[in-house]
Amino acid sequence: MQLDLSRHIDADPATVWAVLTDIPNAHRTLSGVLSVEILTAGDYEPGFRWRETRKMFGMKSTEEMMVQTADAPHSTTIVAENGGTEYKTVFTLTADADGGTTLFMHFSAETAHAPAISRVVMGVMGKVALNSTRKTMEQDLADIGSEAERRANS
């Protein structure tokens with residue numbers, strides 16, 4: 001499963017980056033995040049890990065996330081693994097001529113190492129999962145944009 005989304009934000013890339021990488025406050029910025037537990041001390045950089053709890057498909061779901069790459073304020077890759085499914089989210093920030101930022105997001109879920117039953121379920125439920133994931137990610141981008149614009153205008 002793969003998903004590509006983008007959103008224009010009326011804030012410079014440094015401000016968008018600051019919101020995007022403010023993991024300790026993600027539960028305040030992202031309406032879909034219920035809680036965040038930081039697992040490693042230090043700054044947002046490769047190896048930084050946290051647990052994020054969301055409500056997905058009507059149930060609480062907690063995933064351990066890790067920063068794989070970080071090139072401030074241009075791009076970052078976040079990875080997670082659950083039950084043999086590997087999740088990867090790549091955010092790319094591009095400065096716009098109007099002083100704003102376009103935030104691109106590429107999300108992928110690979111089930112190559114998942115048990116056979118998980119691959120079958122993903123195949124059957126793939127379209128439902130993709131639609132639900134799209135709505136969640138669109139809301140995340142909207143929430144990041146709102147917070148970055150609020151910070152840029154304060």
# chains A, B, ... in the order shown; residues from 1 in each chain; ligands from 1

$ residues_around --residues "stretch 49-66 of chain A" --least-positions-apart "2" --cutoff "10 Å" --atoms "only C-alpha atoms" --output "PDB file with N, CA, C and O atoms, in the first residue's frame"
ATOM      1  N   ILE A  23       7.778  16.189  18.422  1.00  0.00           N
ATOM      2  CA  ILE A  23       7.151  14.926  18.803  1.00  0.00           C
ATOM      3  C   ILE A  23       6.579  14.973  20.223  1.00  0.00           C
ATOM      4  O   ILE A  23       5.469  14.477  20.443  1.00  0.00           O
ATOM      5  N   PRO A  24       7.262  15.563  21.207  1.00  0.00           N
ATOM      6  CA  PRO A  24       6.679  15.588  22.553  1.00  0.00           C
ATOM      7  C   PRO A  24       5.303  16.256  22.611  1.00  0.00           C
ATOM      8  O   PRO A  24       4.510  15.953  23.503  1.00  0.00           O
ATOM      9  N   ALA A  26       3.117  16.259  19.902  1.00  0.00           N
ATOM     10  CA  ALA A  26       2.312  15.781  18.778  1.00  0.00           C
ATOM     11  C   ALA A  26       0.867  15.528  19.186  1.00  0.00           C
ATOM     12  O   ALA A  26      -0.057  15.763  18.408  1.00  0.00           O
ATOM     13  N   HIS A  27       0.652  15.071  20.414  1.00  0.00           N
ATOM     14  CA  HIS A  27      -0.718  14.814  20.876  1.00  0.00           C
ATOM     15  C   HIS A  27      -1.526  16.102  21.032  1.00  0.00           C
ATOM     16  O   HIS A  27      -2.752  16.064  21.049  1.00  0.00           O
ATOM     17  N   LEU A  30      -1.680  17.134  16.671  1.00  0.00           N
ATOM     18  CA  LEU A  30      -2.390  16.205  15.787  1.00  0.00           C
ATOM     19  C   LEU A  30      -3.645  15.682  16.476  1.00  0.00           C
ATOM     20  O   LEU A  30      -3.560  14.948  17.470  1.00  0.00           O
ATOM     21  N   SER A  31      -4.790  16.023  15.941  1.00  0.00           N
ATOM     22  CA  SER A  31      -6.059  15.657  16.568  1.00  0.00           C
ATOM     23  C   SER A  31      -6.256  14.146  16.658  1.00  0.00           C
ATOM     24  O   SER A  31      -6.988  13.672  17.527  1.00  0.00           O
ATOM     25  N   GLY A  32      -5.590  13.374  15.801  1.00  0.00           N
ATOM     26  CA  GLY A  32      -5.735  11.924  15.824  1.00  0.00           C
ATOM     27  C   GLY A  32      -4.827  11.215  16.809  1.00  0.00           C
ATOM     28  O   GLY A  32      -4.967  10.019  17.037  1.00  0.00           O
ATOM     29  N   VAL A  33      -3.898  11.938  17.422  1.00  0.00           N
ATOM     30  CA  VAL A  33      -2.952  11.326  18.357  1.00  0.00           C
ATOM     31  C   VAL A  33      -3.467  11.512  19.782  1.00  0.00           C
ATOM     32  O   VAL A  33      -3.717  12.638  20.218  1.00  0.00           O
ATOM     33  N   LEU A  34      -3.623  10.409  20.494  1.00  0.00           N
ATOM     34  CA  LEU A  34      -4.109  10.449  21.869  1.00  0.00           C
ATOM     35  C   LEU A  34      -2.993  10.701  22.866  1.00  0.00           C
ATOM     36  O   LEU A  34      -3.179  11.415  23.847  1.00  0.00           O
ATOM     37  N   SER A  35      -1.812  10.082  22.629  1.00  0.00           N
ATOM     38  CA  SER A  35      -0.692  10.259  23.547  1.00  0.00           C
ATOM     39  C   SER A  35       0.622   9.923  22.855  1.00  0.00           C
ATOM     40  O   SER A  35       0.643   9.222  21.842  1.00  0.00           O
ATOM     41  N   VAL A  36       1.706  10.449  23.444  1.00  0.00           N
ATOM     42  CA  VAL A  36       3.064  10.207  22.953  1.00  0.00           C
ATOM     43  C   VAL A  36       3.941   9.877  24.156  1.00  0.00           C
ATOM     44  O   VAL A  36       3.874  10.555  25.182  1.00  0.00           O
ATOM     45  N   GLU A  37       4.740   8.838  24.004  1.00  0.00           N
ATOM     46  CA  GLU A  37       5.724   8.472  25.024  1.00  0.00           C
ATOM     47  C   GLU A  37       7.101   8.485  24.367  1.00  0.00           C
ATOM     48  O   GLU A  37       7.369   7.689  23.471  1.00  0.00           O
ATOM     49  N   ILE A  38       7.957   9.392  24.806  1.00  0.00           N
ATOM     50  CA  ILE A  38       9.309   9.502  24.255  1.00  0.00           C
ATOM     51  C   ILE A  38      10.153   8.361  24.812  1.00  0.00           C
ATOM     52  O   ILE A  38      10.177   8.120  26.020  1.00  0.00           O
ATOM     53  N   LEU A  39      10.859   7.648  23.927  1.00  0.00           N
ATOM     54  CA  LEU A  39      11.655   6.486  24.340  1.00  0.00           C
ATOM     55  C   LEU A  39      13.149   6.760  24.368  1.00  0.00           C
ATOM     56  O   LEU A  39      13.897   5.999  24.993  1.00  0.00           O
ATOM     57  N   THR A  40      13.596   7.804  23.666  1.00  0.00           N
ATOM     58  CA  THR A  40      15.019   8.148  23.657  1.00  0.00           C
ATOM     59  C   THR A  40      15.175   9.620  23.986  1.00  0.00           C
ATOM     60  O   THR A  40      14.385  10.449  23.549  1.00  0.00           O
ATOM     61  N   ALA A  41      16.201   9.934  24.742  1.00  0.00           N
ATOM     62  CA  ALA A  41      16.480  11.327  25.074  1.00  0.00           C
ATOM     63  C   ALA A  41      17.153  12.002  23.879  1.00  0.00           C
ATOM     64  O   ALA A  41      17.712  11.338  23.009  1.00  0.00           O
ATOM     65  N   GLY A  42      17.070  13.305  23.850  1.00  0.00           N
ATOM     66  CA  GLY A  42      17.794  14.045  22.834  1.00  0.00           C
ATOM     67  C   GLY A  42      16.894  14.675  21.793  1.00  0.00           C
ATOM     68  O   GLY A  42      15.673  14.697  21.924  1.00  0.00           O
ATOM     69  N   TYR A  44      15.488  15.589  17.785  1.00  0.00           N
ATOM     70  CA  TYR A  44      14.913  14.879  16.647  1.00  0.00           C
ATOM     71  C   TYR A  44      16.039  14.623  15.649  1.00  0.00           C
ATOM     72  O   TYR A  44      16.536  15.559  15.004  1.00  0.00           O
ATOM     73  N   GLU A  45      16.489  13.381  15.590  1.00  0.00           N
ATOM     74  CA  GLU A  45      17.577  12.980  14.700  1.00  0.00           C
ATOM     75  C   GLU A  45      17.454  11.481  14.465  1.00  0.00           C
ATOM     76  O   GLU A  45      16.687  10.805  15.156  1.00  0.00           O
ATOM     77  N   PRO A  46      18.191  10.933  13.482  1.00  0.00           N
ATOM     78  CA  PRO A  46      18.113   9.490  13.248  1.00  0.00           C
ATOM     79  C   PRO A  46      18.339   8.711  14.550  1.00  0.00           C
ATOM     80  O   PRO A  46      19.249   9.014  15.322  1.00  0.00           O
ATOM     81  N   GLY A  47      17.456   7.736  14.782  1.00  0.00           N
ATOM     82  CA  GLY A  47      17.517   6.928  15.984  1.00  0.00           C
ATOM     83  C   GLY A  47      16.549   7.377  17.067  1.00  0.00           C
ATOM     84  O   GLY A  47      16.264   6.607  17.992  1.00  0.00           O
ATOM     85  N   GLN A  68      14.328   7.681  10.853  1.00  0.00           N
ATOM     86  CA  GLN A  68      15.360   7.005  10.074  1.00  0.00           C
ATOM     87  C   GLN A  68      16.322   8.026   9.472  1.00  0.00           C
ATOM     88  O   GLN A  68      17.529   7.821   9.485  1.00  0.00           O
ATOM     89  N   THR A  69      15.778   9.124   8.930  1.00  0.00           N
ATOM     90  CA  THR A  69      16.609  10.193   8.376  1.00  0.00           C
ATOM     91  C   THR A  69      16.004  11.535   8.777  1.00  0.00           C
ATOM     92  O   THR A  69      14.794  11.654   8.989  1.00  0.00           O
ATOM     93  N   THR A  77      12.399  10.912   7.321  1.00  0.00           N
ATOM     94  CA  THR A  77      11.776   9.607   7.131  1.00  0.00           C
ATOM     95  C   THR A  77      11.541   8.994   8.500  1.00  0.00           C
ATOM     96  O   THR A  77      12.450   8.951   9.335  1.00  0.00           O
ATOM     97  N   ILE A  78      10.306   8.536   8.712  1.00  0.00           N
ATOM     98  CA  ILE A  78       9.912   7.902   9.967  1.00  0.00           C
ATOM     99  C   ILE A  78       9.497   6.472   9.641  1.00  0.00           C
ATOM    100  O   ILE A  78       8.759   6.245   8.676  1.00  0.00           O
ATOM    101  N   VAL A  79       9.974   5.516  10.433  1.00  0.00           N
ATOM    102  CA  VAL A  79       9.657   4.106  10.198  1.00  0.00           C
ATOM    103  C   VAL A  79       9.026   3.488  11.436  1.00  0.00           C
ATOM    104  O   VAL A  79       9.234   3.949  12.556  1.00  0.00           O
ATOM    105  N   ALA A  80       8.249   2.439  11.190  1.00  0.00           N
ATOM    106  CA  ALA A  80       7.630   1.652  12.258  1.00  0.00           C
ATOM    107  C   ALA A  80       7.452   0.234  11.734  1.00  0.00           C
ATOM    108  O   ALA A  80       7.438   0.008  10.518  1.00  0.00           O
ATOM    109  N   GLU A  81       7.314  -0.716  12.652  1.00  0.00           N
ATOM    110  CA  GLU A  81       7.094  -2.114  12.263  1.00  0.00           C
ATOM    111  C   GLU A  81       6.111  -2.705  13.256  1.00  0.00           C
ATOM    112  O   GLU A  81       6.189  -2.450  14.456  1.00  0.00           O
ATOM    113  N   ASN A  82       5.142  -3.457  12.726  1.00  0.00           N
ATOM    114  CA  ASN A  82       4.173  -4.109  13.596  1.00  0.00           C
ATOM    115  C   ASN A  82       3.716  -5.391  12.925  1.00  0.00           C
ATOM    116  O   ASN A  82       3.201  -5.367  11.805  1.00  0.00           O
ATOM    117  N   TYR A  87       6.179   0.031   8.039  1.00  0.00           N
ATOM    118  CA  TYR A  87       5.578   1.302   7.654  1.00  0.00           C
ATOM    119  C   TYR A  87       6.677   2.340   7.486  1.00  0.00           C
ATOM    120  O   TYR A  87       7.596   2.410   8.298  1.00  0.00           O
ATOM    121  N   LYS A  88       6.557   3.136   6.441  1.00  0.00           N
ATOM    122  CA  LYS A  88       7.538   4.203   6.214  1.00  0.00           C
ATOM    123  C   LYS A  88       6.786   5.449   5.776  1.00  0.00           C
ATOM    124  O   LYS A  88       5.941   5.395   4.879  1.00  0.00           O
ATOM    125  N   VAL A 128     -10.128  -0.459   2.121  1.00  0.00           N
ATOM    126  CA  VAL A 128     -10.671   0.170   3.327  1.00  0.00           C
ATOM    127  C   VAL A 128      -9.540   0.793   4.133  1.00  0.00           C
ATOM    128  O   VAL A 128      -9.646   1.935   4.598  1.00  0.00           O
ATOM    129  N   ALA A 129      -8.449   0.033   4.311  1.00  0.00           N
ATOM    130  CA  ALA A 129      -7.301   0.540   5.064  1.00  0.00           C
ATOM    131  C   ALA A 129      -6.702   1.761   4.387  1.00  0.00           C
ATOM    132  O   ALA A 129      -6.345   2.737   5.053  1.00  0.00           O
ATOM    133  N   SER A 132      -9.002   4.798   4.969  1.00  0.00           N
ATOM    134  CA  SER A 132      -8.903   5.243   6.355  1.00  0.00           C
ATOM    135  C   SER A 132      -7.562   5.938   6.606  1.00  0.00           C
ATOM    136  O   SER A 132      -7.509   6.987   7.253  1.00  0.00           O
ATOM    137  N   THR A 133      -6.489   5.346   6.078  1.00  0.00           N
ATOM    138  CA  THR A 133      -5.162   5.936   6.237  1.00  0.00           C
ATOM    139  C   THR A 133      -5.094   7.287   5.543  1.00  0.00           C
ATOM    140  O   THR A 133      -4.538   8.243   6.089  1.00  0.00           O
ATOM    141  N   THR A 136      -6.783   9.865   7.718  1.00  0.00           N
ATOM    142  CA  THR A 136      -5.943  10.149   8.882  1.00  0.00           C
ATOM    143  C   THR A 136      -4.784  11.052   8.498  1.00  0.00           C
ATOM    144  O   THR A 136      -4.498  12.042   9.185  1.00  0.00           O
TER     145      THR A 136
END

$ atom_distance --atom1 "atom CA of A:Lys135" --atom2 "atom CA of A:Leu5"
10.5 Å

$ select_by_dssp --residues "chain A" --states "alpha helix (DSSP H)" --output "PyMOL selection string"
chain A and resi 13-20+26-29+116-152

$ atom_distance --atom1 "atom CA of A:Asp10" --atom2 "atom CA of A:Asn25"
20.7 Å

$ select_by_dssp --residues "stretch 10-128 of chain A" --states "strand (DSSP E or B)" --output "MDAnalysis selection string"
chainID A and resid 33:38 49:56 59:71 75:82 85:95 101:110

$ atom_distance --atom1 "atom CA of A:Thr21" --atom2 "atom CA of A:Glu110"
24.1 Å

$ residues_around --residues "A:Leu141" --least-positions-apart "2" --cutoff "9 Å" --atoms "only C-alpha atoms" --output "PyMOL selection string"
chain A and resi 5-7+30+103-105+136-139+143-146

$ closest_residue --among "A:Trp17, A:Val90, A:Ala95, A:Glu147" --to "A:Gln2" --atoms "only C-alpha atoms"
A:Val90

$ residues_around --residues "A:Ala97" --least-positions-apart "6" --cutoff "12 Å" --atoms "only C-alpha atoms" --output "number ranges by chain"
A: 8, 10-13

$ decode --residues "stretch 15-114 of chain A" --atoms "C-alpha atoms" --output "PDB file, in the first residue's frame"
ATOM      1  CA  THR A  15       8.331  26.840  11.067  1.00  0.00           C
ATOM      2  CA  VAL A  16       6.690  23.815   9.415  1.00  0.00           C
ATOM      3  CA  TRP A  17       9.748  21.708  10.319  1.00  0.00           C
ATOM      4  CA  ALA A  18       9.522  22.847  13.954  1.00  0.00           C
ATOM      5  CA  VAL A  19       5.889  21.686  14.146  1.00  0.00           C
ATOM      6  CA  LEU A  20       6.503  18.445  12.238  1.00  0.00           C
ATOM      7  CA  THR A  21       9.383  17.411  14.485  1.00  0.00           C
ATOM      8  CA  ASP A  22       7.870  18.525  17.817  1.00  0.00           C
ATOM      9  CA  ILE A  23       7.151  14.926  18.803  1.00  0.00           C
ATOM     10  CA  PRO A  24       6.679  15.588  22.553  1.00  0.00           C
ATOM     11  CA  ASN A  25       3.714  17.839  21.663  1.00  0.00           C
ATOM     12  CA  ALA A  26       2.312  15.781  18.778  1.00  0.00           C
ATOM     13  CA  HIS A  27      -0.718  14.814  20.876  1.00  0.00           C
ATOM     14  CA  ARG A  28      -1.540  18.531  21.167  1.00  0.00           C
ATOM     15  CA  THR A  29      -0.967  19.309  17.465  1.00  0.00           C
ATOM     16  CA  LEU A  30      -2.390  16.205  15.787  1.00  0.00           C
ATOM     17  CA  SER A  31      -6.059  15.657  16.568  1.00  0.00           C
ATOM     18  CA  GLY A  32      -5.735  11.924  15.824  1.00  0.00           C
ATOM     19  CA  VAL A  33      -2.952  11.326  18.357  1.00  0.00           C
ATOM     20  CA  LEU A  34      -4.109  10.449  21.869  1.00  0.00           C
ATOM     21  CA  SER A  35      -0.692  10.259  23.547  1.00  0.00           C
ATOM     22  CA  VAL A  36       3.064  10.207  22.953  1.00  0.00           C
ATOM     23  CA  GLU A  37       5.724   8.472  25.024  1.00  0.00           C
ATOM     24  CA  ILE A  38       9.309   9.502  24.255  1.00  0.00           C
ATOM     25  CA  LEU A  39      11.655   6.486  24.340  1.00  0.00           C
ATOM     26  CA  THR A  40      15.019   8.148  23.657  1.00  0.00           C
ATOM     27  CA  ALA A  41      16.480  11.327  25.074  1.00  0.00           C
ATOM     28  CA  GLY A  42      17.794  14.045  22.834  1.00  0.00           C
ATOM     29  CA  ASP A  43      16.885  15.922  19.710  1.00  0.00           C
ATOM     30  CA  TYR A  44      14.913  14.879  16.647  1.00  0.00           C
ATOM     31  CA  GLU A  45      17.577  12.980  14.700  1.00  0.00           C
ATOM     32  CA  PRO A  46      18.113   9.490  13.248  1.00  0.00           C
ATOM     33  CA  GLY A  47      17.517   6.928  15.984  1.00  0.00           C
ATOM     34  CA  PHE A  48      15.055   9.115  17.955  1.00  0.00           C
ATOM     35  CA  ARG A  49      12.166   6.834  19.039  1.00  0.00           C
ATOM     36  CA  TRP A  50       8.700   7.253  20.547  1.00  0.00           C
ATOM     37  CA  ARG A  51       5.418   5.419  21.046  1.00  0.00           C
ATOM     38  CA  GLU A  52       2.383   7.065  19.529  1.00  0.00           C
ATOM     39  CA  THR A  53      -1.173   6.071  20.440  1.00  0.00           C
ATOM     40  CA  ARG A  54      -3.996   6.840  18.003  1.00  0.00           C
ATOM     41  CA  LYS A  55      -7.564   5.802  17.557  1.00  0.00           C
ATOM     42  CA  MET A  56      -7.676   3.728  14.361  1.00  0.00           C
ATOM     43  CA  PHE A  57     -10.660   1.737  13.095  1.00  0.00           C
ATOM     44  CA  GLY A  58     -12.484   2.626  16.314  1.00  0.00           C
ATOM     45  CA  MET A  59      -9.772   1.136  18.559  1.00  0.00           C
ATOM     46  CA  LYS A  60      -6.671   2.449  20.298  1.00  0.00           C
ATOM     47  CA  SER A  61      -3.498   1.506  18.458  1.00  0.00           C
ATOM     48  CA  THR A  62       0.027   2.129  19.723  1.00  0.00           C
ATOM     49  CA  GLU A  63       3.014   2.042  17.384  1.00  0.00           C
ATOM     50  CA  GLU A  64       6.697   2.491  18.131  1.00  0.00           C
ATOM     51  CA  MET A  65       8.109   5.007  15.675  1.00  0.00           C
ATOM     52  CA  MET A  66      11.702   5.896  14.831  1.00  0.00           C
ATOM     53  CA  VAL A  67      13.377   8.662  12.855  1.00  0.00           C
ATOM     54  CA  GLN A  68      15.360   7.005  10.074  1.00  0.00           C
ATOM     55  CA  THR A  69      16.609  10.193   8.376  1.00  0.00           C
ATOM     56  CA  ALA A  70      16.399  13.912   9.164  1.00  0.00           C
ATOM     57  CA  ASP A  71      17.641  16.747   6.941  1.00  0.00           C
ATOM     58  CA  ALA A  72      16.307  19.929   8.555  1.00  0.00           C
ATOM     59  CA  PRO A  73      14.250  21.677   7.245  1.00  0.00           C
ATOM     60  CA  HIS A  74      13.968  19.669   4.030  1.00  0.00           C
ATOM     61  CA  SER A  75      12.972  16.066   4.685  1.00  0.00           C
ATOM     62  CA  THR A  76      12.589  13.306   7.222  1.00  0.00           C
ATOM     63  CA  THR A  77      11.776   9.607   7.131  1.00  0.00           C
ATOM     64  CA  ILE A  78       9.912   7.902   9.967  1.00  0.00           C
ATOM     65  CA  VAL A  79       9.657   4.106  10.198  1.00  0.00           C
ATOM     66  CA  ALA A  80       7.630   1.652  12.258  1.00  0.00           C
ATOM     67  CA  GLU A  81       7.094  -2.114  12.263  1.00  0.00           C
ATOM     68  CA  ASN A  82       4.173  -4.109  13.596  1.00  0.00           C
ATOM     69  CA  GLY A  83       3.457  -7.796  13.104  1.00  0.00           C
ATOM     70  CA  GLY A  84       5.805  -8.078  10.145  1.00  0.00           C
ATOM     71  CA  THR A  85       4.374  -5.044   8.349  1.00  0.00           C
ATOM     72  CA  GLU A  86       6.887  -2.260   7.793  1.00  0.00           C
ATOM     73  CA  TYR A  87       5.578   1.302   7.654  1.00  0.00           C
ATOM     74  CA  LYS A  88       7.538   4.203   6.214  1.00  0.00           C
ATOM     75  CA  THR A  89       6.522   7.858   6.043  1.00  0.00           C
ATOM     76  CA  VAL A  90       8.654  10.370   4.149  1.00  0.00           C
ATOM     77  CA  PHE A  91       7.935  14.079   4.624  1.00  0.00           C
ATOM     78  CA  THR A  92       9.478  16.571   2.196  1.00  0.00           C
ATOM     79  CA  LEU A  93       9.220  20.331   2.664  1.00  0.00           C
ATOM     80  CA  THR A  94       9.592  22.648  -0.331  1.00  0.00           C
ATOM     81  CA  ALA A  95       9.730  26.443  -0.059  1.00  0.00           C
ATOM     82  CA  ASP A  96       7.169  28.165  -2.261  1.00  0.00           C
ATOM     83  CA  ALA A  97       7.638  31.470  -4.101  1.00  0.00           C
ATOM     84  CA  ASP A  98       5.009  33.097  -1.844  1.00  0.00           C
ATOM     85  CA  GLY A  99       7.049  32.396   1.302  1.00  0.00           C
ATOM     86  CA  GLY A 100       4.952  29.381   2.231  1.00  0.00           C
ATOM     87  CA  THR A 101       5.784  25.698   2.176  1.00  0.00           C
ATOM     88  CA  THR A 102       4.456  22.672   0.362  1.00  0.00           C
ATOM     89  CA  LEU A 103       4.538  19.673   2.670  1.00  0.00           C
ATOM     90  CA  PHE A 104       4.640  16.373   0.755  1.00  0.00           C
ATOM     91  CA  MET A 105       4.008  13.050   2.445  1.00  0.00           C
ATOM     92  CA  HIS A 106       4.711   9.582   1.023  1.00  0.00           C
ATOM     93  CA  PHE A 107       3.418   6.694   3.138  1.00  0.00           C
ATOM     94  CA  SER A 108       4.003   3.014   2.430  1.00  0.00           C
ATOM     95  CA  ALA A 109       3.139  -0.239   4.186  1.00  0.00           C
ATOM     96  CA  GLU A 110       4.971  -3.393   3.124  1.00  0.00           C
ATOM     97  CA  THR A 111       3.836  -6.816   4.340  1.00  0.00           C
ATOM     98  CA  ALA A 112       6.736  -8.866   2.931  1.00  0.00           C
ATOM     99  CA  HIS A 113       7.710 -10.188   6.379  1.00  0.00           C
ATOM    100  CA  ALA A 114       4.186 -10.428   7.758  1.00  0.00           C
TER     101      ALA A 114
END
